[in-house]
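One structure is given below, encoded as C-alpha cells.
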Amino acid sequence: MFRIRRIHDDILPVNREAIRQVKTIIEEQFDQPPKRDIDGLIQKLRDPFAQRFRAILHVAERRAGQVQGFALVLHEPQLRMSYLDYIAASTRLTSRGIGGALYQRVRDEAAESGVRALFFECLPDDPEACRDPSLLKANRARLRFYEGYGARPAVNNAYDAPLNDDNDSMPYLVIDDLGTDRPLRRRFVRDAVRAILERKYAHVCPPEYVERVVASFRDDPVRLREPRYVRVEKTPSAPASGSAERIALFVNDKHDIHHVNDRGYVESPVRVSRILAELDKTTLFERQTARTRSLEPVRQVHDRALVAYMRKVCLDLKVGESVYPYVFPIRNASRPPTDLAMRAGYWCIDTFTPLNRNAFLAARGAVECALAGAAAIAKGRRLAYALVRPPGHHAEQRVFGGFCYFNNAAVAAHELASLGRVAILDLDYHHGNGQQDIFYARDDVLTVSIHGSPRFAFPYFSGYSEEQGAGAGLGYNLNLPLPEKVDGPRYRGALDQALRRIRSFEPAVLVVALGLDTAKGDPTGTWSLTADDLRENGRRVGVLGLPTLVVQEGGYRNRTLGSNARAFFEGLHKGAREA
C-alpha cells in the first residue's frame, strides 16, 4: 500500500528525504537525465515559477517513507495548461499500479485547477522513427497506457522535428483533454507549445525553431491521432470527491466525559458532534487515531508544578465532584495555601473553570489529539485538524482558565519547533493569552492573535497591540485587537495584516487556533462573520502554502457551529490547492 502526497518544499526533513529518493529514481529510470533537472528540483519547489511554470511534485510512498514513484508537473495557470515533466516508479516497482495512480492524481488535480488540457512527451512508436526493438516496445507500451485515458499524440505538426542532424527519435507531443471532449483550439495549443519550448527548453531551442514548430500547428481544432491500441470510453477527470490530499482529522473521542451542567456554561459536548455532523457531509477529511502520550510534552510548556497539581487534585476527586477557584492571590502570590481546594485560585484566572476528575482526563486527551496532528504534519501531511475540547488557548505557562486547562496549540507548536520556525495564528474572538505568555520571550515561535479588544472582551488584561514580546522574543508577538462591531470585510483587513507578518517570518509550519466564536450570533462574541466570511478566511490561510495544523478553540452557537466549521475548512482546503 502507498499514499500519494504533494511535496511543496524541502523545509521539513520528511520532504527533504522524499526529494532525495526522487532524485535517485530519476537517475535510475532515465538515460543520462539532464543534471540541471536533478539539481534544479529543489529550486523549482522553492521558486515554483522559476521557469514561469508552477512546479508541482507528487510522490507515492509507503507509510515508512519509502518513495515508490513520483510525478513532476509544470502548471501554467494563465494559459490553463499543465505539462507532465516526469512520471516514474522505482525500477523495483514498475508493475504495481503506481504509475496509474500517479497519473490519475495528476489528471484529477489538473481538472480541479481549471486546466483545459495536460501536455507531455512520448518517444515514437513508429519503427521508422525508432529502430531499437526494445525501445520501440517500451514506447508502444507507454503510448498504450496513456491511450487508455484518451491521451494521444497530436498529428499534422512539426513538434517531433529534429533540432539538428544529431537528433533522432524526437518525441511526440501527447495531449490529454481530461475527458472533456472539448475541441483543442489551435490558439490554445500553440500558446501551450510556445510555453513548453520557450520555458522548459529555453537552453536548447533557438527562437526560429520555436516559431517554426508553433506555426506548424495549422488544424483548428488540433487533431489527435486515431486510437491505435485501445478503444475504450475516455475517463473524465471530474473528481467530485476531491483528489487532493485529505485533511488528517483527530477527534478527542472522550471529550464528552467532561460535561459541566451549570447554567450558562456554554462549553458543552454537543459542540464536537455538531461540527462532526457537518464535516461528515464532505470528503475532505480522513479520520485518524491519536495515540496515548506521556505528560512530558505538556510539562515542556506548562509549569511542572501546575501540571502536578492539576493531576493530583483532579484524580483525587470523586466522579461528579468539582472544585471551583474562588480565592485569588492578588496580595501574595509566593505562598500557596496548604489546602488543595483553596489552592485552585493560585493556578487559575477566573471562577468558571472547575477542576474535576474528567476535566483532567479530557484535557489530556485533547493534548494527545493536538500532538497527533503535529506528528502527521511532521510526517508530510499538509493539513491536519485536532477537533478537541476542552479548548486550550487561555492556558498560560503557570495558570489555567477560560474553559482551558492545557494549551493544546502551544504544546503542538513547541513539538513542531524542532522542525524549524513555527507561527501560531489565533482566530478566536478572545485573545490567545496562553500562547502569548508561553512564547513571549522566544524568537522561534511567532504568535499572532486577532481578537476583541481587552477593553471589553475576556480575558481583559492582555491582548493590547503594544504587547510585542520580550528579550529574544521582542517583535515576535503581534496582537490585532478589533472593536466591538466587526463584519467580514473589516475582519479580513486584520487577517491580511496577520498573514503578511507570517509570510515575512518564513515559518516551516503554521498552527491555527481556530475559534468559531467570531461568527454572527455567538453568545460569547459580538461580531457578525458569516459562513461565507469564514470560508474566505480559510482560503486566505490556505494560500499561505504552509503545512498547517488547526486546533479547535471556541465557538458556542451550536445552531451554526458545524456549518461554520465546514465553511472554514472548505476554504482552507481550496486555498492549499491554490498555493
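Within each chain, counting starts at residue 1; across the C-alpha cells, chains are named A, B, ... in the order shown, with ligands numbered 1 upward in that order.
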Tell me, as a PyMOL selection string, which residues lie within 9 Å of Leu295 in chain A, counting only C-alpha atoms; anything in the same chain fewer than 3 positions away does not count. chain A and resi 298-300+307+364
Keeping only C-alpha atoms, write the selected residues as an mmCIF file, in the first residue's frame.
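So again15.cif came out as:
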```cif
data_model
loop_
_atom_site.group_PDB
_atom_site.id
_atom_site.type_symbol
_atom_site.label_atom_id
_atom_site.label_comp_id
_atom_site.auth_asym_id
_atom_site.auth_seq_id
_atom_site.Cartn_x
_atom_site.Cartn_y
_atom_site.Cartn_z
ATOM 1 C CA VAL A 298 2.674 19.283 28.494
ATOM 2 C CA ARG A 299 5.414 19.869 31.057
ATOM 3 C CA GLN A 300 7.564 21.373 28.302
ATOM 4 C CA VAL A 307 0.687 20.026 35.849
ATOM 5 C CA ARG A 364 -5.120 15.181 28.427
#
```
Residues near Gly420 in chain A, anyone? I mean within 10 Å using only C-alpha atoms, not counting same-chain ones fewer than 4 positions away, as a PyMOL selection string. chain A and resi 11-13+416+444-445+506-509
As a compact mmCIF listing (two decimals) with C-alpha atoms, in the first residue's frame, please: the residues near Ile98 in chain A (cut-off 10 Å, only C-alpha atoms, same-chain neighbours under 3 positions excluded).
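Written out: selection-v3.txt:
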```txt
# COMPACT_ATOMS: atom_id res chain seq x y z
CA MET A 1 0.00 0.00 0.00
CA PHE A 2 1.11 3.54 -0.66
CA ARG A 3 -0.19 7.06 -0.35
CA ILE A 4 0.24 9.94 -2.76
CA VAL A 59 5.24 11.27 -4.54
CA ALA A 60 3.81 7.81 -3.97
CA GLU A 61 5.30 6.48 -0.76
CA GLN A 68 7.92 4.26 -4.79
CA GLY A 69 7.26 6.72 -7.59
CA PHE A 70 6.76 10.38 -8.41
CA ILE A 87 6.43 10.41 -14.09
CA ALA A 88 8.25 7.28 -12.95
CA ALA A 89 8.25 4.44 -10.46
CA SER A 90 11.25 2.88 -8.83
CA LEU A 93 8.15 -1.47 -8.57
CA THR A 94 7.16 -0.69 -12.15
CA SER A 95 4.24 -3.14 -12.27
CA ALA A 101 -2.31 6.05 -9.54
CA LEU A 102 0.10 8.93 -10.02
CA TYR A 103 -1.23 9.76 -13.48
CA GLN A 104 -4.81 9.72 -12.23
```
Please provide the set of residues having any atom within 10 Å of Arg20 in chain A, restricted to only C-alpha atoms, with same-chain residues fewer than 6 positions apart removed, written as an MDAnalysis selection string. chainID A and resid 10 38 41:42 67
Going by DSSP on the backbone, which residues of range 138-311 of chain A come out as alpha helix (DSSP H)? List them as JSON, numbers by chain. {"A": [138, 139, 140, 141, 142, 143, 144, 145, 146, 147, 186, 187, 188, 189, 190, 191, 192, 193, 194, 195, 207, 208, 209, 210, 211, 212, 213, 214, 215, 270, 271, 272, 273, 274, 275, 276, 277, 278, 279, 296, 297, 298, 299, 304, 305, 306, 307, 308, 309, 310, 311]}
Spatial neighbours of Arg152 in chain A, 8 Å, only C-alpha atoms, chain gap at least 3 places, as a PyMOL selection string: chain A and resi 143+146-147+174-176+224-227
Apply DSSP to the backbone of this structure and, from range 222-419 of chain A, keep only the residues in strand (DSSP E); write these as a VMD selection string. chain A and resid 247 to 251 285 to 288 322 to 323 355 to 356 383 to 387
Could you dump the residues just selected with C-alpha atoms as a PDB file, in the first residue's frame?
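Result file result_10.pdb:
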```
ATOM      1  CA  ILE A 247      -7.177  16.680   5.947  1.00  0.00           C
ATOM      2  CA  ALA A 248      -5.991  14.359   8.719  1.00  0.00           C
ATOM      3  CA  LEU A 249      -8.681  14.535  11.410  1.00  0.00           C
ATOM      4  CA  PHE A 250      -8.070  13.705  15.064  1.00  0.00           C
ATOM      5  CA  VAL A 251     -11.078  13.800  17.377  1.00  0.00           C
ATOM      6  CA  PHE A 285     -11.259  14.548   5.951  1.00  0.00           C
ATOM      7  CA  GLU A 286      -9.504  11.306   6.815  1.00  0.00           C
ATOM      8  CA  ARG A 287     -10.217  10.213  10.378  1.00  0.00           C
ATOM      9  CA  GLN A 288      -7.156   9.006  12.276  1.00  0.00           C
ATOM     10  CA  SER A 322     -15.831  19.726  41.313  1.00  0.00           C
ATOM     11  CA  VAL A 323     -13.621  22.414  42.757  1.00  0.00           C
ATOM     12  CA  LEU A 355     -11.423  21.195  38.370  1.00  0.00           C
ATOM     13  CA  ASN A 356     -12.838  17.680  38.368  1.00  0.00           C
ATOM     14  CA  LEU A 383      -3.274  19.815   6.619  1.00  0.00           C
ATOM     15  CA  ALA A 384      -4.366  18.342   9.946  1.00  0.00           C
ATOM     16  CA  TYR A 385      -7.211  19.177  12.318  1.00  0.00           C
ATOM     17  CA  ALA A 386      -7.419  18.429  16.037  1.00  0.00           C
ATOM     18  CA  LEU A 387     -11.134  18.623  16.869  1.00  0.00           C
TER      19      LEU A 387
END
```
Residues at most 9 Å from Glu570 in chain A, counting only C-alpha atoms, excluding those fewer than 6 positions away in the same chain, as a count of residues only? 5
Report, in Å with one decimal, the straight-line distance from CA of Asp487 in chain A to CA of Tyr460 in chain A.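 Separating CA of Asp487 in chain A from CA of Tyr460 in chain A is a distance of 21.6 Å.
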Quick one: residues within 10 Å of Arg182 in chain A, only C-alpha atoms, excluding same-chain residues fewer than 6 positions away - as a ChimeraX atom specification? /A:116-117,221
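The space separating CA of Ser449 in chain A from CA of Gln497 in chain A comes to 11.0 Å.
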